[in-house]
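A.B. asks: What follows is final.cif, mmCIF, C-alpha atoms and all ligand atoms.
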data_final
loop_
_atom_site.label_atom_id
_atom_site.label_comp_id
_atom_site.auth_asym_id
_atom_site.auth_seq_id
_atom_site.Cartn_x
_atom_site.Cartn_y
_atom_site.Cartn_z
CA MET Q 1 2.91 0.75 17.63
CA SER Q 2 0.91 -0.52 14.70
CA PRO Q 3 1.23 1.48 11.47
CA PRO Q 4 -1.64 3.84 10.72
CA ASN Q 5 -4.34 2.24 8.60
CA LYS Q 6 -4.02 3.15 4.96
CA PRO Q 7 -7.22 4.93 3.95
CA ALA Q 8 -9.47 2.91 1.66
CA PRO Q 9 -9.24 4.03 -1.96
CA ARG Q 10 -11.94 6.53 -2.67
CA THR Q 11 -12.95 5.08 -6.03
CA ARG Q 12 -14.82 1.79 -5.81
CA LEU Q 13 -15.27 -0.74 -8.61
CA ILE Q 14 -18.63 -2.04 -9.82
CA ALA Q 15 -18.80 -4.97 -12.25
CA ALA Q 16 -21.82 -4.83 -14.57
CA LEU Q 17 -23.26 -8.34 -14.85
CA ASP Q 18 -25.01 -7.80 -18.16
CA THR Q 19 -26.52 -11.17 -19.01
CA ALA Q 20 -29.96 -12.79 -19.05
CA ASP Q 21 -28.44 -16.13 -18.08
CA ILE Q 22 -28.77 -16.73 -14.34
CA THR Q 23 -26.08 -19.43 -14.25
CA GLN Q 24 -23.64 -17.08 -15.97
CA ALA Q 25 -24.53 -14.21 -13.63
CA LYS Q 26 -24.08 -16.35 -10.50
CA ASN Q 27 -20.81 -17.64 -11.85
CA TRP Q 28 -19.48 -14.10 -12.45
CA ALA Q 29 -20.80 -12.96 -9.07
CA ALA Q 30 -19.02 -15.82 -7.29
CA GLN Q 31 -15.74 -15.18 -9.14
CA LEU Q 32 -15.88 -11.46 -8.41
CA ALA Q 33 -17.03 -11.60 -4.76
CA GLY Q 34 -14.47 -9.84 -2.61
CA VAL Q 35 -12.66 -8.50 -5.68
CA VAL Q 36 -15.14 -5.85 -6.81
CA ASP Q 37 -16.97 -3.52 -4.42
CA ALA Q 38 -20.44 -4.08 -5.90
CA ILE Q 39 -22.19 -5.78 -8.80
CA LYS Q 40 -24.49 -3.97 -11.18
CA LEU Q 41 -27.78 -5.60 -12.14
CA GLY Q 42 -29.40 -3.81 -15.04
CA MET Q 43 -32.31 -4.38 -17.35
CA GLU Q 44 -30.78 -7.34 -19.19
CA PHE Q 45 -30.36 -9.28 -15.94
CA VAL Q 46 -33.58 -8.22 -14.22
CA TYR Q 47 -35.85 -8.60 -17.26
CA GLY Q 48 -34.20 -11.92 -18.19
CA CYS Q 49 -33.71 -13.52 -14.78
CA GLY Q 50 -36.43 -11.85 -12.73
CA PHE Q 51 -36.72 -9.84 -9.54
CA ASP Q 52 -36.30 -12.85 -7.24
CA ALA Q 53 -32.92 -13.56 -8.83
CA ALA Q 54 -31.92 -9.92 -8.17
CA LYS Q 55 -33.14 -10.27 -4.57
CA ASP Q 56 -31.06 -13.45 -4.14
CA LEU Q 57 -27.88 -11.83 -5.45
CA SER Q 58 -28.49 -8.75 -3.29
CA ARG Q 59 -28.20 -11.00 -0.23
CA THR Q 60 -24.68 -12.06 -1.25
CA GLN Q 61 -23.00 -8.75 -2.10
CA PRO Q 62 -23.71 -5.02 -2.56
CA VAL Q 63 -25.91 -4.38 -5.59
CA PHE Q 64 -26.22 -1.37 -7.88
CA LEU Q 65 -29.74 -1.71 -9.30
CA ASP Q 66 -29.51 0.10 -12.63
CA LEU Q 67 -33.02 0.10 -14.07
CA LYS Q 68 -32.94 3.77 -15.16
CA LEU Q 69 -36.56 4.62 -14.41
CA HIS Q 70 -38.03 7.33 -16.65
CA ASP Q 71 -41.81 7.88 -16.65
CA ILE Q 72 -44.39 10.24 -15.22
CA PRO Q 73 -43.73 11.14 -11.57
CA ASN Q 74 -46.53 8.98 -10.15
CA THR Q 75 -45.38 5.86 -12.02
CA VAL Q 76 -41.73 6.32 -11.06
CA SER Q 77 -42.71 6.88 -7.44
CA HIS Q 78 -44.74 3.66 -7.26
CA GLY Q 79 -42.18 1.78 -9.34
CA LEU Q 80 -39.44 2.64 -6.86
CA LYS Q 81 -41.60 1.53 -3.94
CA SER Q 82 -42.10 -1.81 -5.70
CA LEU Q 83 -38.34 -2.20 -6.05
CA ALA Q 84 -37.71 -1.73 -2.34
CA SER Q 85 -37.65 -5.47 -1.65
CA ILE Q 86 -34.30 -5.62 -3.45
CA ASP Q 87 -31.51 -4.56 -1.12
CA ALA Q 88 -29.60 -2.11 -3.34
CA CYS Q 89 -26.89 0.36 -2.34
CA LEU Q 90 -27.34 2.47 -5.50
CA LEU Q 91 -30.25 2.86 -7.92
CA THR Q 92 -30.95 4.92 -11.01
CA ILE Q 93 -33.57 7.13 -12.59
CA HIS Q 94 -33.13 9.33 -15.68
CA ALA Q 95 -32.47 13.02 -14.94
CA ALA Q 96 -34.26 13.83 -18.22
CA GLY Q 97 -37.50 12.84 -16.46
CA GLY Q 98 -37.39 16.30 -14.92
CA ARG Q 99 -37.63 18.03 -11.55
CA GLU Q 100 -40.98 16.71 -10.42
CA MET Q 101 -40.19 13.11 -11.34
CA ILE Q 102 -36.91 13.29 -9.43
CA ALA Q 103 -38.52 14.93 -6.39
CA ARG Q 104 -41.20 12.22 -6.28
CA ALA Q 105 -38.47 9.58 -6.59
CA ARG Q 106 -36.71 11.15 -3.60
CA GLU Q 107 -39.91 11.00 -1.54
CA ALA Q 108 -40.52 7.39 -2.58
CA ILE Q 109 -37.03 6.29 -1.54
CA ASP Q 110 -37.33 8.08 1.79
CA ALA Q 111 -40.72 6.47 2.45
CA ALA Q 112 -39.87 2.96 1.28
CA TYR Q 113 -36.45 2.36 2.87
CA PRO Q 114 -35.24 2.66 6.49
CA ALA Q 115 -32.94 5.66 7.00
CA ASP Q 116 -29.99 3.41 7.89
CA ASN Q 117 -30.26 1.28 4.73
CA ARG Q 118 -31.30 3.56 1.92
CA PRO Q 119 -29.85 3.27 -1.59
CA ALA Q 120 -28.27 6.39 -3.05
CA LEU Q 121 -30.64 7.85 -5.64
CA LEU Q 122 -28.62 8.47 -8.81
CA ALA Q 123 -29.79 10.48 -11.79
CA VAL Q 124 -28.42 9.33 -15.13
CA THR Q 125 -27.33 12.43 -17.04
CA VAL Q 126 -26.20 11.85 -20.65
CA LEU Q 127 -25.55 8.20 -21.51
CA THR Q 128 -21.86 7.46 -22.07
CA SER Q 129 -22.80 5.98 -25.45
CA MET Q 130 -23.94 9.46 -26.62
CA ASP Q 131 -21.74 12.12 -28.17
CA ALA Q 132 -22.45 15.61 -29.56
CA VAL Q 133 -23.78 14.15 -32.83
CA GLY Q 134 -26.16 11.82 -30.98
CA LEU Q 135 -27.41 14.73 -28.87
CA ARG Q 136 -28.01 16.89 -31.95
CA GLU Q 137 -30.07 14.07 -33.50
CA ILE Q 138 -32.49 14.25 -30.57
CA GLY Q 139 -32.71 18.04 -30.70
CA VAL Q 140 -30.15 18.94 -28.05
CA ALA Q 141 -27.77 21.62 -29.31
CA ALA Q 142 -25.65 21.63 -26.14
CA THR Q 143 -22.38 19.69 -25.91
CA PRO Q 144 -22.46 16.54 -23.75
CA ALA Q 145 -20.67 18.41 -20.94
CA GLU Q 146 -23.12 21.35 -21.04
CA GLN Q 147 -26.09 19.00 -21.07
CA VAL Q 148 -24.68 16.94 -18.19
CA LEU Q 149 -24.27 20.10 -16.08
CA ARG Q 150 -27.80 21.24 -16.88
CA LEU Q 151 -29.29 17.85 -15.94
CA ALA Q 152 -27.06 17.65 -12.86
CA ASP Q 153 -28.39 20.99 -11.63
CA VAL Q 154 -32.01 19.87 -12.00
CA ALA Q 155 -31.37 16.47 -10.43
CA LEU Q 156 -29.35 17.62 -7.42
CA ARG Q 157 -31.77 20.46 -6.61
CA ALA Q 158 -34.66 17.98 -6.79
CA GLY Q 159 -33.01 15.68 -4.24
CA ALA Q 160 -30.86 13.16 -6.09
CA ASP Q 161 -27.87 11.95 -4.06
CA GLY Q 162 -25.67 11.68 -7.07
CA LEU Q 163 -25.23 11.33 -10.79
CA VAL Q 164 -24.22 8.88 -13.46
CA CYS Q 165 -21.92 10.67 -15.90
CA SER Q 166 -18.84 10.01 -18.00
CA ALA Q 167 -15.37 10.58 -16.58
CA GLN Q 168 -15.01 13.58 -18.89
CA GLU Q 169 -17.59 15.49 -16.85
CA ILE Q 170 -16.26 14.74 -13.35
CA THR Q 171 -14.13 17.88 -13.10
CA PRO Q 172 -16.81 20.36 -14.27
CA ILE Q 173 -19.38 18.69 -11.98
CA ARG Q 174 -17.04 18.91 -8.97
CA GLN Q 175 -16.28 22.56 -9.80
CA GLU Q 176 -19.97 23.41 -9.94
CA PHE Q 177 -21.47 21.15 -7.24
CA GLY Q 178 -18.56 20.27 -4.94
CA ALA Q 179 -17.53 16.96 -3.39
CA LYS Q 180 -20.90 15.86 -2.02
CA PRO Q 181 -22.73 14.32 -5.00
CA THR Q 182 -21.94 10.64 -5.45
CA LEU Q 183 -20.49 10.25 -8.95
CA VAL Q 184 -20.88 6.87 -10.64
CA VAL Q 185 -18.94 6.60 -13.87
CA PRO Q 186 -19.45 4.02 -16.63
CA GLY Q 187 -17.75 4.13 -20.01
CA ILE Q 188 -14.52 2.86 -18.42
CA ARG Q 189 -12.02 1.07 -20.60
CA PRO Q 190 -8.61 -0.20 -19.44
CA ALA Q 191 -5.89 1.04 -21.81
CA GLY Q 192 -5.86 -0.92 -25.06
CA SER Q 193 -9.31 -2.49 -24.68
CA GLN Q 194 -12.21 -2.20 -27.11
CA SER Q 195 -14.69 0.72 -26.70
CA HIS Q 196 -17.71 -1.28 -27.99
CA ASP Q 197 -20.71 1.14 -28.14
CA GLN Q 198 -19.24 3.54 -25.56
CA LYS Q 199 -18.20 6.98 -26.86
CA ARG Q 200 -17.09 9.07 -23.85
CA VAL Q 201 -14.54 6.67 -22.39
CA MET Q 202 -11.62 6.88 -19.94
CA THR Q 203 -9.30 4.42 -18.19
CA PRO Q 204 -9.91 3.30 -14.57
CA GLY Q 205 -6.85 5.19 -13.35
CA GLU Q 206 -7.86 8.44 -15.07
CA ALA Q 207 -11.42 8.23 -13.70
CA ALA Q 208 -10.08 7.56 -10.21
CA ARG Q 209 -7.67 10.50 -10.41
CA MET Q 210 -10.50 12.77 -11.50
CA GLY Q 211 -12.53 11.84 -8.40
CA ALA Q 212 -15.10 9.21 -9.42
CA ASP Q 213 -16.71 7.66 -6.34
CA TRP Q 214 -17.54 4.48 -8.24
CA ILE Q 215 -16.54 3.25 -11.69
CA VAL Q 216 -18.67 0.75 -13.63
CA VAL Q 217 -16.92 -1.81 -15.82
CA GLY Q 218 -18.89 -4.40 -17.76
CA ARG Q 219 -17.58 -6.19 -20.84
CA PRO Q 220 -13.85 -5.60 -20.20
CA ILE Q 221 -14.34 -7.73 -17.04
CA THR Q 222 -17.08 -10.17 -18.02
CA GLN Q 223 -15.63 -11.00 -21.45
CA ALA Q 224 -12.09 -11.44 -20.13
CA PRO Q 225 -10.61 -14.95 -20.01
CA ASP Q 226 -10.24 -14.50 -16.23
CA PRO Q 227 -12.76 -11.89 -14.95
CA ALA Q 228 -11.41 -11.90 -11.37
CA GLN Q 229 -7.84 -11.33 -12.51
CA THR Q 230 -8.95 -8.44 -14.77
CA ALA Q 231 -10.95 -6.91 -11.91
CA ARG Q 232 -7.94 -7.21 -9.61
CA ALA Q 233 -5.77 -5.44 -12.18
CA ILE Q 234 -8.34 -2.61 -12.34
CA GLN Q 235 -8.36 -2.32 -8.53
CA ASP Q 236 -4.56 -2.11 -8.61
CA GLU Q 237 -4.73 0.62 -11.26
CA ILE Q 238 -7.21 2.55 -9.06
CA LEU Q 239 -4.95 2.21 -6.03
CA ALA Q 240 -1.90 3.32 -7.97
CA ALA Q 241 -3.76 6.35 -9.29
CA THR Q 242 -5.05 7.67 -5.95
O1 LIG W 1 -19.74 -3.23 -20.88
P1 LIG W 1 -19.65 -1.80 -20.44
O2 LIG W 1 -18.45 -1.52 -19.54
O3 LIG W 1 -19.76 -0.81 -21.57
O4 LIG W 1 -20.94 -1.62 -19.50
C1 LIG W 1 -21.28 -0.40 -18.93
C2 LIG W 1 -22.49 -0.57 -18.10
O5 LIG W 1 -22.84 0.69 -17.55
C3 LIG W 1 -23.70 -1.08 -18.87
O6 LIG W 1 -24.36 -2.01 -18.02
C4 LIG W 1 -24.57 0.14 -19.07
O7 LIG W 1 -25.94 -0.16 -18.96
C5 LIG W 1 -24.15 1.04 -17.92
N1 LIG W 1 -24.29 2.47 -18.14
C6 LIG W 1 -23.63 3.15 -19.14
N2 LIG W 1 -23.83 4.49 -19.30
C7 LIG W 1 -24.66 5.16 -18.50
C8 LIG W 1 -25.32 4.48 -17.47
C9 LIG W 1 -25.08 3.12 -17.31
O8 LIG W 1 -22.84 2.54 -19.87
N3 LIG W 1 -24.80 6.46 -18.61
#
Output the file's structure as structure tokens, nothing else.

C.D. replies:
Amino acid sequence: MSPPNKPAPRTRLIAALDTADITQAKNWAAQLAGVVDAIKLGMEFVYGCGFDAAKDLSRTQPVFLDLKLHDIPNTVSHGLKSLASIDACLLTIHAAGGREMIARAREAIDAAYPADNRPALLAVTVLTSMDAVGLREIGVAATPAEQVLRLADVALRAGADGLVCSAQEITPIRQEFGAKPTLVVPGIRPAGSQSHDQKRVMTPGEAARMGADWIVVGRPITQAPDPAQTARAIQDEILAAT
């Protein structure tokens, strides 16, 4: 009798390909294919390399399209419809855009994509580069965790499938909203690596233990001497933690 299949690890790894250089991006994508679970294309890549380049990469591996739309509801709705030619498994809007913007985004996704190939609509809560001081500077007296929960409530009620948050908020979000929302967690730093501009950071293993569905790792992978080897080490850390 064959041994039972080991369940796939729950936390999946996304590598953020933050570059405006198409050759560099394709090189990273090729090195990381089959090692990471998805690649993240954000504004640096899409504004620098163009939508056709994003479309091309989306044919080779799963893509998290992280353009963080934030505008009036009508503009976000039409913007999302225009993005539908890129085959993404995850895409982002800002929760701070409010209930109506998120609800219109939900409708746009449902109208523009077939039900069997629809990206998860993620609402970015508080950027992982923000801390309590940064929030106070923009007039928010709440702590990052309180503000994340407030934005999460608005976003999930309005129809978002999930949230982008830091690992520090995973537990309170799960306590409040349960297991269903897809949680995508950037601000991940393997032990001993540089934080750069990230403030609310955690290691891959900690984020996996806390129940992140996906973790996003950019510079620690892309700036490593061997990106694939670093990504493999992160996958091993995730496996060991869960
Ligand atoms: O290089 P690093 O690991 O810090 O990259 C993190 C990636 O995750 C960046 O591409 C950034 O745009 C993205 N991100 C983030 N915080 C959020 C949402 C997305 O750092 N709240």

A.B. asks: Please find the residues contacting ligand LIG 1 (chain W) at a distance of at most 9 Å between atoms, with all atoms listed in the file counted, and report them as a PyMOL selection string.

C.D. replies: chain Q and resi 15-18+40-44+66-68+92+124-130+164-166+184-189+195-198+215-223

A.B. asks: Quick one, how far is atom CA of Q:Pro144 from atom CA of Q:Leu163?

C.D. replies: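 Distance between the two atoms: 14.2 Å.
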
A.B. asks: Which residue out of Q:Ile39, Q:Ala167, Q:Leu83, Q:Ala115 has the minimum interatomic distance to Q:Ala212 when only C-alpha atoms are used?

C.D. replies: Q:Ala167

A.B. asks: So how far away is atom CA of Q:Leu65 from atom CA of Q:Arg104, in Å?

C.D. replies: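 Taking atom CA of Q:Arg104 as the start and atom CA of Q:Leu65 as the end point, the length is 18.3 Å.
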
A.B. asks: Expressed in Å to a single decimal, how great is the separation between atom CA of Q:Ala158 and atom CA of Q:Glu100?

C.D. replies: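 We find that atom CA of Q:Ala158 and atom CA of Q:Glu100 lie 7.4 Å from each other.
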
A.B. asks: Within 6 Å of (-33.3, 6.2, -17.6), in the coordinates the file gives, what residues turn up when you count all atoms listed in the file, written out as a list of chain:residue names?

C.D. replies: Q:Lys68, Q:Leu69, Q:His70, Q:Ile93, Q:His94

A.B. asks: I'd like the neighbourhood of stretch 170-177 of chain Q as a list in words, where a residue qualifies if any of its atoms comes within 9 Å (using all atoms listed in the file), though same-chain residues fewer than 2 positions away should be ignored.

C.D. replies: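 Answer for this query is Ala145, Val148, Leu149, Ala152, Asp153, Leu156, Cys165, Ser166, Ala167, Gln168, Ala179, Lys180, Pro181, Leu183, Val185, Ala207, Met210, Gly211 and Ala212 of chain Q.
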
A.B. asks: Here is a test: counting only C-alpha atoms, which residue of Q:Met101, Q:Ala208, Q:Val154, Q:Ala123 is nearest to Q:Asp71?

C.D. replies: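 Looking at the shortest contact to Q:Asp71, the residue is Q:Met101.
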
A.B. asks: Mind checking which residues fall within 10 Å of Q:Gly79, counting all atoms listed in the file, ignoring those fewer than 5 positions away in the same chain, and posting them as a PyMOL selection string?

C.D. replies: chain Q and resi 69+71+73-74+84+105+108

A.B. asks: Keeping C-alpha atoms for every residue in the selection just given, could you write it to a file as a PDB file, in the frame of the given file?

C.D. replies:
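Generated output (result-v9.pdb):
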ATOM      1  CA  LEU Q  69     -36.560   4.620 -14.410  1.00  0.00           C
ATOM      2  CA  ASP Q  71     -41.810   7.880 -16.650  1.00  0.00           C
ATOM      3  CA  PRO Q  73     -43.730  11.140 -11.570  1.00  0.00           C
ATOM      4  CA  ASN Q  74     -46.530   8.980 -10.150  1.00  0.00           C
ATOM      5  CA  ALA Q  84     -37.710  -1.730  -2.340  1.00  0.00           C
ATOM      6  CA  ALA Q 105     -38.470   9.580  -6.590  1.00  0.00           C
ATOM      7  CA  ALA Q 108     -40.520   7.390  -2.580  1.00  0.00           C
TER       8      ALA Q 108
END

A.B. asks: Given only C-alpha atoms as the basis, pick out the residue of Q:Asn117, Q:Val46, Q:Ala20, Q:Glu169 nearest to Q:Met202.

C.D. replies: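 Once distances to Q:Met202 are computed over only C-alpha atoms, the minimum belongs to Q:Glu169.
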
A.B. asks: For Q:Leu239, which of Q:Gly98, Q:Gly205, Q:Lys26, Q:Leu80 is the closest residue, counting all atoms listed in the file?

C.D. replies: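 Distance minimum relative to Q:Leu239 lands on Q:Gly205.
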
A.B. asks: How big is the axis-aligned box around the listed atoms of stretch 198-211 of chain Q once 3 Å is added on each side, and where is its centre? Give both in Å to one decimal, as JSON.

C.D. replies:
{"center_x": -13.0, "center_y": 8.0, "center_z": -17.6, "size_x": 18.4, "size_y": 15.5, "size_z": 24.5}

A.B. asks: With all atoms listed in the file as the atoms that count, which of Q:Glu107, Q:Pro204, Q:Asp52, Q:Gln194 lies nearest to Q:Ala231?

C.D. replies: Q:Pro204

A.B. asks: Need to verify the contact set: Q:Lys55, 8 Å, only C-alpha atoms, exclusion of same-chain residues closer than 5 positions in sequence. Can you return it as a ChimeraX atom specification?

C.D. replies: /Q:85-87

A.B. asks: Given the choices Q:Val201, Q:Ile109, Q:Ala95, Q:Val133, which gets closest to Q:Ser77 if the distance is worked out from all atoms listed in the file?

C.D. replies: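 Of Q:Val201, Q:Ile109, Q:Ala95, Q:Val133, the one nearest Q:Ser77 is Q:Ile109, counting all atoms listed in the file.
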